[in-house]
Amino acid sequence: MKNSIHIQFPDGKAKKYPKGIRLTDVASSISQSLSKHAIIGKVDGRLVDLSYRLEADASVAILTMDSAEGIKVMRHSTAHVLAQAVKRLFGGVKLGIGPVIDNGFYYDFQLDHSLSLDDFQLIEKEMKNIIQEKLEVNRKVVSYEEAVQVFKEKKEPFKLDLLNNLPKDEEIALYQQGEFIDLCRGPHVPHTGFIRAFKLSHISGAYWRGDSENEVLQRIYGFAFKKQADLANHLHFLAEAKKRDHRKLGKQLELFMFSEEAPGMPFYLPNGQIIRNELENFSREVQNKANYLEVRTPLMMNQRLWEQSGHWDHYHENMYFTEVDDTDFALKPMNCPGHMLMFKNNLYSYRDLPVRMAEFGQVHRHEFSGALNGMLRVRTFCQDDAHIFVREDQIEEEIKQVFHLIDHVYRTFGFSYSVELSTRPANSLGDDQLWAVSEGALSNVLHDLNIDYQLNAGDGAFYGPKIDFHIKDALNRSHQCATIQLDFQMPDKFDLSYISENNEKVRPVVIHRAIFGSLDRFFGILIEHFAGAFPIWLAPIQTQIIPVSKVHADYCFHVQAKLKELGIRVKIDDRNEKLGYKIREAQMKKIPYMLVLGDKEIENKTVNVRAYGKQQSESMDVDKFIEKMIHQIKQRAL
């Protein structure tokens, strides 16, 4: 009988060990440091506890909390510590589930006590006690009957429900730390002392198994990190994100509103409409230079159009319908089919291509009410859509031009971005050869432009592969906005053609393109990116004039007239309020420039200028100040 095994390590080295050796002993054989910091193992690609015994040759990695897997396991173990603490503190607690989520964990409970944030200090204190006890976390594989017996004795109905729904061949494992036992696949930390930095965050209600017919449980959320500094940084990030919340700033700066009369459908207030107009104007400017033709298609079209385009089969659950003259119509969820009809309406020669159609098209898509999130997730939005009809030999060059356009727009806002190539999904249309050509064309462009990208296999549109752009905001959060999609299918479905140089009908290829994506969502992202302090070219009010007293009003109106004549958005705050109050309010509204005008300014024909966020002000000649503003607006300075 073979009494030794060979272990292959990630660095390529192999070593002989006794059969049945535990991973914790393997870690010790490598180094004392690794033994001290090891948290889990990976055996032939599968995560396991350090108590796992190796019975055959295997590839093995010993992981610490420097790995993503180690952090995830630590967070899962923190959820168990939370559950143990709640069980210790309150009577009649029934356990739900406790999975890992981004940056933390949660656990669901049923108990008579109505948990509140006031309980967190007590729970966290008990969690720290459990961590200081350094309780060993032990795994035990049991039979279905044994597991049922354990949780019947412990009166845990939700654990019994989980057991009843497990596949028959599922391995059942129990994890125990001290008096606490849980049903769990694992793996977990070797002992509770590995948990170092955590904080409970909030409470919510949650239906058992997500079913509204089931019991409502109390869900406690928390964060967990490798060290206290990482937790502190995350809490600072959350505080900053809360200050930048576009819903809060949208109300404070009077940009938009929502109403119960139109759930998930934004109302743009005057200040917000100014910003939206500026975004559209900027987009029109760059598109005009790139030879796009702006068009507009109807909001509502016949249902058979969506069946023809393929959207019906892939998207009808998210569409809104109505009936007119005994005919079914749908509000458009995207602009593509309308542009196909427009192209088909004309007779094009190969010399006319590419034909670039752009639209600021209002679309409607049904979202569940629970998914709505201010401007970031709505039911109607404006899509800055374009469809470029090209010959096959023009595909790669045209996509490169779109890349340059997107790069220019994002640099204007100060966004960095990453790129993702998404390939053929399972529910795709078309044959293998066309998909291979499409994916090859996008890949070639990325390589020619020397673009680093991530491959997102199987996440393309049903009609073709796509390149998605993920912008990074001021808090380093990622948002998918721009997209480039290559489509051989829709021209075929709509029988589109152009006349070739041989006087034959040939199918064009369509490039779908958006830069903002959803104008409304991009607006919400911008609010949070700039924390409501928009660059001067976007700001609803670019200059606020504040008279020191009423006797200075005439000079204020004179300066306002000069600014307005040059198209600068300016207001005078001539309310009967104290000067300090008006200055503070202008700061709250995040107006780029404040002009405080009094005797000295009238005498010298100057303005006293205070830029937003600056404590110091400076005196400037009126015309020089105007020249400075005009330059910043024209340059779209940040």
# chains A, B, ... in the order shown; residues from 1 in each chain; ligands from 1

call {"tool": "residues_around", "arguments": {"residues": "region 424-427 of chain A", "least_positions_apart": "4", "cutoff": "12 Å", "atoms": "only C-alpha atoms", "output": "ChimeraX atom specification"}}
result
/A:310-311,313-315,431-440,455-467,485-487

call {"tool": "write_last_selection", "arguments": {"atoms": "C-alpha atoms", "output": "mmCIF file, in the first residue's frame"}}
result
data_model
loop_
_atom_site.group_PDB
_atom_site.id
_atom_site.type_symbol
_atom_site.label_atom_id
_atom_site.label_comp_id
_atom_site.auth_asym_id
_atom_site.auth_seq_id
_atom_site.Cartn_x
_atom_site.Cartn_y
_atom_site.Cartn_z
ATOM 1 C CA GLY A 310 -36.071 39.718 -32.169
ATOM 2 C CA HIS A 311 -36.614 41.949 -29.144
ATOM 3 C CA ASP A 313 -38.441 36.915 -27.823
ATOM 4 C CA HIS A 314 -35.639 38.288 -25.664
ATOM 5 C CA TYR A 315 -37.167 41.337 -23.998
ATOM 6 C CA ASP A 431 -24.604 31.164 -37.418
ATOM 7 C CA ASP A 432 -21.161 30.346 -36.048
ATOM 8 C CA GLN A 433 -19.228 31.908 -38.929
ATOM 9 C CA LEU A 434 -20.788 35.353 -38.538
ATOM 10 C CA TRP A 435 -20.173 35.288 -34.797
ATOM 11 C CA ALA A 436 -16.550 34.323 -35.385
ATOM 12 C CA VAL A 437 -16.131 37.236 -37.830
ATOM 13 C CA SER A 438 -17.818 39.656 -35.402
ATOM 14 C CA GLU A 439 -15.785 38.615 -32.375
ATOM 15 C CA GLY A 440 -12.608 38.647 -34.455
ATOM 16 C CA LEU A 455 -12.895 38.949 -21.598
ATOM 17 C CA ASN A 456 -16.497 38.427 -20.470
ATOM 18 C CA ALA A 457 -17.384 35.171 -22.201
ATOM 19 C CA GLY A 458 -21.040 34.571 -23.029
ATOM 20 C CA ASP A 459 -22.313 38.045 -22.067
ATOM 21 C CA GLY A 460 -22.761 39.566 -25.543
ATOM 22 C CA ALA A 461 -26.071 40.852 -26.931
ATOM 23 C CA PHE A 462 -28.312 38.233 -28.547
ATOM 24 C CA TYR A 463 -27.504 39.723 -31.980
ATOM 25 C CA GLY A 464 -23.743 40.218 -31.634
ATOM 26 C CA PRO A 465 -20.619 40.626 -29.471
ATOM 27 C CA LYS A 466 -19.901 43.909 -27.730
ATOM 28 C CA ILE A 467 -17.263 46.075 -26.115
ATOM 29 C CA GLN A 485 -21.965 46.270 -30.415
ATOM 30 C CA LEU A 486 -21.470 44.583 -33.762
ATOM 31 C CA ASP A 487 -24.574 43.204 -35.466
#

call {"tool": "select_by_dssp", "arguments": {"residues": "region 334-491 of chain A", "states": "helix (DSSP H, G or I)", "output": "PyMOL selection string"}}
result
chain A and resi 336-344+369-371+392-413+432-448+489-491

call {"tool": "residues_around", "arguments": {"residues": "Lys624 (chain A)", "least_positions_apart": "2", "cutoff": "12 Å", "atoms": "only C-alpha atoms", "output": "ChimeraX atom specification"}}
result
/A:563,605-607,609,619-622,626-631

call {"tool": "write_last_selection", "arguments": {"atoms": "C-alpha atoms", "output": "PDB file, in the first residue's frame"}}
result
ATOM      1  CA  LEU A 563     -22.583  88.354 -18.086  1.00  0.00           C
ATOM      2  CA  LYS A 605     -15.184  98.815 -11.529  1.00  0.00           C
ATOM      3  CA  THR A 606     -14.106  95.410 -10.227  1.00  0.00           C
ATOM      4  CA  VAL A 607     -15.675  92.289  -8.782  1.00  0.00           C
ATOM      5  CA  VAL A 609     -14.556  86.816  -6.703  1.00  0.00           C
ATOM      6  CA  SER A 619     -10.491  91.357  -6.642  1.00  0.00           C
ATOM      7  CA  MET A 620     -10.580  91.316 -10.450  1.00  0.00           C
ATOM      8  CA  ASP A 621     -11.386  93.669 -13.276  1.00  0.00           C
ATOM      9  CA  VAL A 622     -14.904  92.846 -14.532  1.00  0.00           C
ATOM     10  CA  ILE A 626     -15.613  87.517 -17.771  1.00  0.00           C
ATOM     11  CA  GLU A 627     -12.739  86.561 -20.085  1.00  0.00           C
ATOM     12  CA  LYS A 628     -11.604  83.945 -17.562  1.00  0.00           C
ATOM     13  CA  MET A 629     -15.114  82.467 -17.288  1.00  0.00           C
ATOM     14  CA  ILE A 630     -15.662  82.352 -21.046  1.00  0.00           C
ATOM     15  CA  HIS A 631     -12.349  80.536 -21.495  1.00  0.00           C
TER      16      HIS A 631
END

call {"tool": "closest_residue", "arguments": {"among": "A:Glu396, A:Asp118, A:Phe469, A:Ile40", "to": "Tyr453 (chain A)", "atoms": "only C-alpha atoms"}}
result
A:Phe469

call {"tool": "residues_around", "arguments": {"residues": "region 273-287 of chain A", "least_positions_apart": "4", "cutoff": "7 Å", "atoms": "only C-alpha atoms", "output": "list in words"}}
result
Tyr268, Leu269, Asn291, Tyr292, Leu538, Ala539 and Pro540 of chain A

call {"tool": "select_by_dssp", "arguments": {"residues": "region 555-637 of chain A", "states": "strand (DSSP E)", "output": "list in words"}}
result
Val570, Lys571, Ile572, Tyr593, Met594, Leu595, Val596, Leu597, Thr606, Val607, Asn608, Val609, Arg610, Ala611, Glu618, Ser619, Met620 and Asp621 of chain A

call {"tool": "residues_around", "arguments": {"residues": "region 381-391 of chain A", "least_positions_apart": "3", "cutoff": "6 Å", "atoms": "only C-alpha atoms", "output": "PDB file with all heavy atoms, in the first residue's frame"}}
result
ATOM      1  N   LEU A 353     -21.782  54.716 -47.638  1.00  0.00           N
ATOM      2  CA  LEU A 353     -21.474  54.150 -46.326  1.00  0.00           C
ATOM      3  C   LEU A 353     -20.099  54.599 -45.837  1.00  0.00           C
ATOM      4  O   LEU A 353     -19.212  54.805 -46.660  1.00  0.00           O
ATOM      5  CB  LEU A 353     -21.550  52.609 -46.387  1.00  0.00           C
ATOM      6  CG  LEU A 353     -22.938  52.000 -46.159  1.00  0.00           C
ATOM      7  CD1 LEU A 353     -23.964  52.551 -47.129  1.00  0.00           C
ATOM      8  CD2 LEU A 353     -22.867  50.479 -46.253  1.00  0.00           C
ATOM      9  N   PRO A 354     -19.892  54.786 -44.540  1.00  0.00           N
ATOM     10  CA  PRO A 354     -20.846  54.517 -43.470  1.00  0.00           C
ATOM     11  C   PRO A 354     -21.931  55.589 -43.339  1.00  0.00           C
ATOM     12  O   PRO A 354     -21.680  56.769 -43.570  1.00  0.00           O
ATOM     13  CB  PRO A 354     -19.974  54.475 -42.211  1.00  0.00           C
ATOM     14  CG  PRO A 354     -18.776  55.287 -42.534  1.00  0.00           C
ATOM     15  CD  PRO A 354     -18.563  55.186 -44.015  1.00  0.00           C
ATOM     16  N   VAL A 355     -23.126  55.141 -42.962  1.00  0.00           N
ATOM     17  CA  VAL A 355     -24.238  56.031 -42.607  1.00  0.00           C
ATOM     18  C   VAL A 355     -24.367  55.986 -41.090  1.00  0.00           C
ATOM     19  O   VAL A 355     -24.575  54.924 -40.507  1.00  0.00           O
ATOM     20  CB  VAL A 355     -25.546  55.584 -43.279  1.00  0.00           C
ATOM     21  CG1 VAL A 355     -26.723  56.411 -42.755  1.00  0.00           C
ATOM     22  CG2 VAL A 355     -25.434  55.709 -44.791  1.00  0.00           C
ATOM     23  N   ARG A 356     -24.231  57.140 -40.449  1.00  0.00           N
ATOM     24  CA  ARG A 356     -24.220  57.205 -38.972  1.00  0.00           C
ATOM     25  C   ARG A 356     -25.475  57.926 -38.488  1.00  0.00           C
ATOM     26  O   ARG A 356     -25.594  59.137 -38.641  1.00  0.00           O
ATOM     27  CB  ARG A 356     -22.975  57.939 -38.482  1.00  0.00           C
ATOM     28  CG  ARG A 356     -21.657  57.370 -39.017  1.00  0.00           C
ATOM     29  CD  ARG A 356     -20.469  58.196 -38.538  1.00  0.00           C
ATOM     30  NE  ARG A 356     -19.203  57.702 -39.057  1.00  0.00           N
ATOM     31  CZ  ARG A 356     -18.617  58.154 -40.170  1.00  0.00           C
ATOM     32  NH1 ARG A 356     -19.191  59.137 -40.871  1.00  0.00           N
ATOM     33  NH2 ARG A 356     -17.470  57.655 -40.581  1.00  0.00           N
ATOM     34  N   MET A 357     -26.407  57.181 -37.898  1.00  0.00           N
ATOM     35  CA  MET A 357     -27.648  57.755 -37.356  1.00  0.00           C
ATOM     36  C   MET A 357     -27.547  57.833 -35.843  1.00  0.00           C
ATOM     37  O   MET A 357     -27.270  56.830 -35.179  1.00  0.00           O
ATOM     38  CB  MET A 357     -28.851  56.894 -37.726  1.00  0.00           C
ATOM     39  CG  MET A 357     -29.207  56.876 -39.187  1.00  0.00           C
ATOM     40  SD  MET A 357     -30.734  55.940 -39.438  1.00  0.00           S
ATOM     41  CE  MET A 357     -30.722  55.814 -41.235  1.00  0.00           C
ATOM     42  N   ALA A 358     -27.790  59.013 -35.295  1.00  0.00           N
ATOM     43  CA  ALA A 358     -27.727  59.220 -33.839  1.00  0.00           C
ATOM     44  C   ALA A 358     -29.067  59.746 -33.347  1.00  0.00           C
ATOM     45  O   ALA A 358     -29.742  60.504 -34.043  1.00  0.00           O
ATOM     46  CB  ALA A 358     -26.620  60.196 -33.487  1.00  0.00           C
ATOM     47  N   GLU A 359     -29.437  59.338 -32.144  1.00  0.00           N
ATOM     48  CA  GLU A 359     -30.722  59.774 -31.576  1.00  0.00           C
ATOM     49  C   GLU A 359     -30.609  59.898 -30.067  1.00  0.00           C
ATOM     50  O   GLU A 359     -30.010  59.049 -29.407  1.00  0.00           O
ATOM     51  CB  GLU A 359     -31.831  58.777 -31.922  1.00  0.00           C
ATOM     52  CG  GLU A 359     -33.178  59.155 -31.335  1.00  0.00           C
ATOM     53  CD  GLU A 359     -34.324  58.255 -31.786  1.00  0.00           C
ATOM     54  OE1 GLU A 359     -34.054  57.229 -32.445  1.00  0.00           O
ATOM     55  OE2 GLU A 359     -35.483  58.574 -31.478  1.00  0.00           O
ATOM     56  N   PHE A 360     -31.211  60.965 -29.539  1.00  0.00           N
ATOM     57  CA  PHE A 360     -31.444  61.049 -28.103  1.00  0.00           C
ATOM     58  C   PHE A 360     -32.859  60.520 -27.901  1.00  0.00           C
ATOM     59  O   PHE A 360     -33.833  61.272 -27.881  1.00  0.00           O
ATOM     60  CB  PHE A 360     -31.303  62.487 -27.603  1.00  0.00           C
ATOM     61  CG  PHE A 360     -29.912  63.018 -27.728  1.00  0.00           C
ATOM     62  CD1 PHE A 360     -29.559  63.858 -28.776  1.00  0.00           C
ATOM     63  CD2 PHE A 360     -28.925  62.658 -26.811  1.00  0.00           C
ATOM     64  CE1 PHE A 360     -28.260  64.331 -28.899  1.00  0.00           C
ATOM     65  CE2 PHE A 360     -27.626  63.131 -26.935  1.00  0.00           C
ATOM     66  CZ  PHE A 360     -27.295  63.966 -27.982  1.00  0.00           C
ATOM     67  N   GLY A 361     -32.963  59.199 -27.817  1.00  0.00           N
ATOM     68  CA  GLY A 361     -34.265  58.544 -27.844  1.00  0.00           C
ATOM     69  C   GLY A 361     -34.756  58.170 -26.459  1.00  0.00           C
ATOM     70  O   GLY A 361     -34.056  57.514 -25.696  1.00  0.00           O
ATOM     71  N   GLN A 362     -35.984  58.592 -26.155  1.00  0.00           N
ATOM     72  CA  GLN A 362     -36.581  58.240 -24.868  1.00  0.00           C
ATOM     73  C   GLN A 362     -37.119  56.820 -24.944  1.00  0.00           C
ATOM     74  O   GLN A 362     -37.925  56.503 -25.828  1.00  0.00           O
ATOM     75  CB  GLN A 362     -37.717  59.212 -24.528  1.00  0.00           C
ATOM     76  CG  GLN A 362     -38.156  59.177 -23.072  1.00  0.00           C
ATOM     77  CD  GLN A 362     -37.112  59.768 -22.134  1.00  0.00           C
ATOM     78  OE1 GLN A 362     -36.270  60.564 -22.551  1.00  0.00           O
ATOM     79  NE2 GLN A 362     -37.161  59.407 -20.867  1.00  0.00           N
ATOM     80  N   VAL A 363     -36.654  55.943 -24.058  1.00  0.00           N
ATOM     81  CA  VAL A 363     -37.072  54.542 -24.059  1.00  0.00           C
ATOM     82  C   VAL A 363     -37.713  54.194 -22.723  1.00  0.00           C
ATOM     83  O   VAL A 363     -37.495  54.869 -21.717  1.00  0.00           O
ATOM     84  CB  VAL A 363     -35.890  53.598 -24.362  1.00  0.00           C
ATOM     85  CG1 VAL A 363     -35.302  53.889 -25.736  1.00  0.00           C
ATOM     86  CG2 VAL A 363     -34.815  53.681 -23.282  1.00  0.00           C
ATOM     87  N   GLN A 394     -15.261  48.142 -43.717  1.00  0.00           N
ATOM     88  CA  GLN A 394     -15.179  49.381 -42.931  1.00  0.00           C
ATOM     89  C   GLN A 394     -15.308  49.142 -41.434  1.00  0.00           C
ATOM     90  O   GLN A 394     -15.130  50.066 -40.639  1.00  0.00           O
ATOM     91  CB  GLN A 394     -16.295  50.350 -43.365  1.00  0.00           C
ATOM     92  CG  GLN A 394     -16.194  50.838 -44.797  1.00  0.00           C
ATOM     93  CD  GLN A 394     -17.419  51.648 -45.200  1.00  0.00           C
ATOM     94  OE1 GLN A 394     -18.552  51.297 -44.844  1.00  0.00           O
ATOM     95  NE2 GLN A 394     -17.198  52.721 -45.939  1.00  0.00           N
ATOM     96  N   PRO A 508     -25.613  45.450 -45.344  1.00  0.00           N
ATOM     97  CA  PRO A 508     -24.670  46.212 -44.508  1.00  0.00           C
ATOM     98  C   PRO A 508     -24.494  45.506 -43.165  1.00  0.00           C
ATOM     99  O   PRO A 508     -25.230  44.581 -42.830  1.00  0.00           O
ATOM    100  CB  PRO A 508     -25.379  47.553 -44.313  1.00  0.00           C
ATOM    101  CG  PRO A 508     -26.842  47.200 -44.350  1.00  0.00           C
ATOM    102  CD  PRO A 508     -26.965  46.037 -45.326  1.00  0.00           C
ATOM    103  N   VAL A 509     -23.517  45.933 -42.420  1.00  0.00           N
ATOM    104  CA  VAL A 509     -23.335  45.510 -41.028  1.00  0.00           C
ATOM    105  C   VAL A 509     -23.664  46.713 -40.155  1.00  0.00           C
ATOM    106  O   VAL A 509     -23.380  47.854 -40.541  1.00  0.00           O
ATOM    107  CB  VAL A 509     -21.887  45.034 -40.775  1.00  0.00           C
ATOM    108  CG1 VAL A 509     -21.712  44.587 -39.326  1.00  0.00           C
ATOM    109  CG2 VAL A 509     -21.522  43.916 -41.737  1.00  0.00           C
ATOM    110  N   VAL A 510     -24.271  46.465 -38.997  1.00  0.00           N
ATOM    111  CA  VAL A 510     -24.651  47.565 -38.104  1.00  0.00           C
ATOM    112  C   VAL A 510     -23.751  47.568 -36.872  1.00  0.00           C
ATOM    113  O   VAL A 510     -23.527  46.532 -36.248  1.00  0.00           O
ATOM    114  CB  VAL A 510     -26.125  47.454 -37.668  1.00  0.00           C
ATOM    115  CG1 VAL A 510     -26.451  48.477 -36.578  1.00  0.00           C
ATOM    116  CG2 VAL A 510     -27.034  47.677 -38.856  1.00  0.00           C
ATOM    117  N   ILE A 511     -23.244  48.755 -36.536  1.00  0.00           N
ATOM    118  CA  ILE A 511     -22.535  48.973 -35.270  1.00  0.00           C
ATOM    119  C   ILE A 511     -23.482  49.759 -34.359  1.00  0.00           C
ATOM    120  O   ILE A 511     -23.877  50.886 -34.699  1.00  0.00           O
ATOM    121  CB  ILE A 511     -21.222  49.757 -35.470  1.00  0.00           C
ATOM    122  CG1 ILE A 511     -20.268  48.975 -36.385  1.00  0.00           C
ATOM    123  CG2 ILE A 511     -20.564  50.053 -34.125  1.00  0.00           C
ATOM    124  CD1 ILE A 511     -19.072  49.783 -36.844  1.00  0.00           C
ATOM    125  N   HIS A 512     -23.900  49.155 -33.260  1.00  0.00           N
ATOM    126  CA  HIS A 512     -24.693  49.860 -32.249  1.00  0.00           C
ATOM    127  C   HIS A 512     -23.704  50.582 -31.327  1.00  0.00           C
ATOM    128  O   HIS A 512     -22.709  49.985 -30.916  1.00  0.00           O
ATOM    129  CB  HIS A 512     -25.510  48.878 -31.407  1.00  0.00           C
ATOM    130  CG  HIS A 512     -26.451  48.021 -32.173  1.00  0.00           C
ATOM    131  ND1 HIS A 512     -27.818  48.116 -32.061  1.00  0.00           N
ATOM    132  CD2 HIS A 512     -26.226  47.020 -33.067  1.00  0.00           C
ATOM    133  CE1 HIS A 512     -28.392  47.210 -32.835  1.00  0.00           C
ATOM    134  NE2 HIS A 512     -27.442  46.527 -33.450  1.00  0.00           N
ATOM    135  N   ARG A 513     -24.015  51.820 -30.975  1.00  0.00           N
ATOM    136  CA  ARG A 513     -23.068  52.587 -30.170  1.00  0.00           C
ATOM    137  C   ARG A 513     -23.791  53.541 -29.231  1.00  0.00           C
ATOM    138  O   ARG A 513     -24.739  54.218 -29.624  1.00  0.00           O
ATOM    139  CB  ARG A 513     -22.172  53.392 -31.115  1.00  0.00           C
ATOM    140  CG  ARG A 513     -21.057  54.175 -30.462  1.00  0.00           C
ATOM    141  CD  ARG A 513     -21.173  55.673 -30.792  1.00  0.00           C
ATOM    142  NE  ARG A 513     -22.285  56.290 -30.116  1.00  0.00           N
ATOM    143  CZ  ARG A 513     -22.706  57.535 -30.354  1.00  0.00           C
ATOM    144  NH1 ARG A 513     -22.146  58.260 -31.283  1.00  0.00           N
ATOM    145  NH2 ARG A 513     -23.733  58.036 -29.685  1.00  0.00           N
ATOM    146  N   ALA A 514     -23.371  53.557 -27.978  1.00  0.00           N
ATOM    147  CA  ALA A 514     -23.841  54.555 -27.014  1.00  0.00           C
ATOM    148  C   ALA A 514     -22.626  55.031 -26.227  1.00  0.00           C
ATOM    149  O   ALA A 514     -21.681  54.269 -26.014  1.00  0.00           O
ATOM    150  CB  ALA A 514     -24.886  53.972 -26.083  1.00  0.00           C
ATOM    151  N   GLY A 517     -24.751  56.110 -22.599  1.00  0.00           N
ATOM    152  CA  GLY A 517     -25.614  54.958 -22.320  1.00  0.00           C
ATOM    153  C   GLY A 517     -26.995  55.490 -22.021  1.00  0.00           C
ATOM    154  O   GLY A 517     -27.738  55.854 -22.922  1.00  0.00           O
ATOM    155  N   SER A 518     -27.354  55.543 -20.766  1.00  0.00           N
ATOM    156  CA  SER A 518     -28.553  56.247 -20.313  1.00  0.00           C
ATOM    157  C   SER A 518     -28.115  57.639 -19.877  1.00  0.00           C
ATOM    158  O   SER A 518     -27.271  57.790 -18.985  1.00  0.00           O
ATOM    159  CB  SER A 518     -29.194  55.509 -19.140  1.00  0.00           C
ATOM    160  OG  SER A 518     -29.995  56.388 -18.377  1.00  0.00           O
ATOM    161  N   LEU A 519     -28.706  58.665 -20.505  1.00  0.00           N
ATOM    162  CA  LEU A 519     -28.366  60.041 -20.134  1.00  0.00           C
ATOM    163  C   LEU A 519     -28.731  60.310 -18.681  1.00  0.00           C
ATOM    164  O   LEU A 519     -28.007  60.998 -17.947  1.00  0.00           O
ATOM    165  CB  LEU A 519     -29.106  61.009 -21.066  1.00  0.00           C
ATOM    166  CG  LEU A 519     -28.587  62.434 -21.148  1.00  0.00           C
ATOM    167  CD1 LEU A 519     -27.182  62.475 -21.727  1.00  0.00           C
ATOM    168  CD2 LEU A 519     -29.512  63.293 -22.010  1.00  0.00           C
ATOM    169  N   ASP A 520     -29.841  59.735 -18.244  1.00  0.00           N
ATOM    170  CA  ASP A 520     -30.313  59.948 -16.877  1.00  0.00           C
ATOM    171  C   ASP A 520     -29.360  59.296 -15.871  1.00  0.00           C
ATOM    172  O   ASP A 520     -29.032  59.892 -14.844  1.00  0.00           O
ATOM    173  CB  ASP A 520     -31.725  59.378 -16.720  1.00  0.00           C
ATOM    174  CG  ASP A 520     -32.657  59.854 -17.817  1.00  0.00           C
ATOM    175  OD1 ASP A 520     -32.487  59.415 -18.971  1.00  0.00           O
ATOM    176  OD2 ASP A 520     -33.531  60.681 -17.527  1.00  0.00           O
TER     177      ASP A 520
END

call {"tool": "closest_residue", "arguments": {"among": "A:Gln252, A:Val60, A:Gly222, A:Met300", "to": "Ile101 (chain A)", "atoms": "only C-alpha atoms"}}
result
A:Gly222

call {"tool": "residues_around", "arguments": {"residues": "Asn345 (chain A)", "least_positions_apart": "5", "cutoff": "12 Å", "atoms": "only C-alpha atoms", "output": "list in words"}}
result
Gly338, His339, Met340, Phe494, Asp495, Leu496, Ser497 and Tyr498 of chain A

call {"tool": "write_last_selection", "arguments": {"atoms": "C-alpha atoms", "output": "CSV table (one decimal), in the first residue's frame"}}
result
chain,number,residue,atom,x,y,z
A,338,GLY,CA,-36.6,52.5,-35.8
A,339,HIS,CA,-33.2,53.2,-37.3
A,340,MET,CA,-33.4,50.0,-39.4
A,494,PHE,CA,-35.1,43.8,-41.8
A,495,ASP,CA,-33.8,42.8,-45.3
A,496,LEU,CA,-31.5,45.9,-45.5
A,497,SER,CA,-29.2,46.4,-48.4
A,498,TYR,CA,-27.0,48.8,-50.3

call {"tool": "atom_distance", "arguments": {"atom1": "CA of Asp599 (chain A)", "atom2": "CA of Gln632 (chain A)"}}
result
28.2 Å

call {"tool": "closest_atom_pairs", "arguments": {"of": "region 9-120 of chain A", "to": "region 208-215 of chain A", "cutoff": "12 Å", "atoms": "only C-alpha atoms", "output": "Markdown table"}}
result
| residue | atom | partner | partner_atom | distance |
| --- | --- | --- | --- | --- |
| A:Lys94 | CA | A:Glu215 | CA | 11.7 |
| A:Leu95 | CA | A:Trp208 | CA | 10.7 |
| A:Gly96 | CA | A:Trp208 | CA | 7.5 |
| A:Ile97 | CA | A:Trp208 | CA | 9.0 |
| A:Tyr107 | CA | A:Trp208 | CA | 11.6 |
| A:Asp108 | CA | A:Trp208 | CA | 8.4 |
| A:Phe109 | CA | A:Trp208 | CA | 9.6 |
| A:Gln110 | CA | A:Glu215 | CA | 8.6 |
| A:Leu111 | CA | A:Glu215 | CA | 11.5 |

call {"tool": "residues_around", "arguments": {"residues": "region 587-598 of chain A", "least_positions_apart": "6", "cutoff": "7 Å", "atoms": "only C-alpha atoms", "output": "number ranges by chain"}}
result
A: 253, 532-533, 536, 541-548, 552, 556, 607-612

call {"tool": "atom_distance", "arguments": {"atom1": "CA of Leu638 (chain A)", "atom2": "CA of Pro535 (chain A)"}}
result
5.1 Å

call {"tool": "atom_distance", "arguments": {"atom1": "CA of Lys226 (chain A)", "atom2": "CA of Gly41 (chain A)"}}
result
17.5 Å
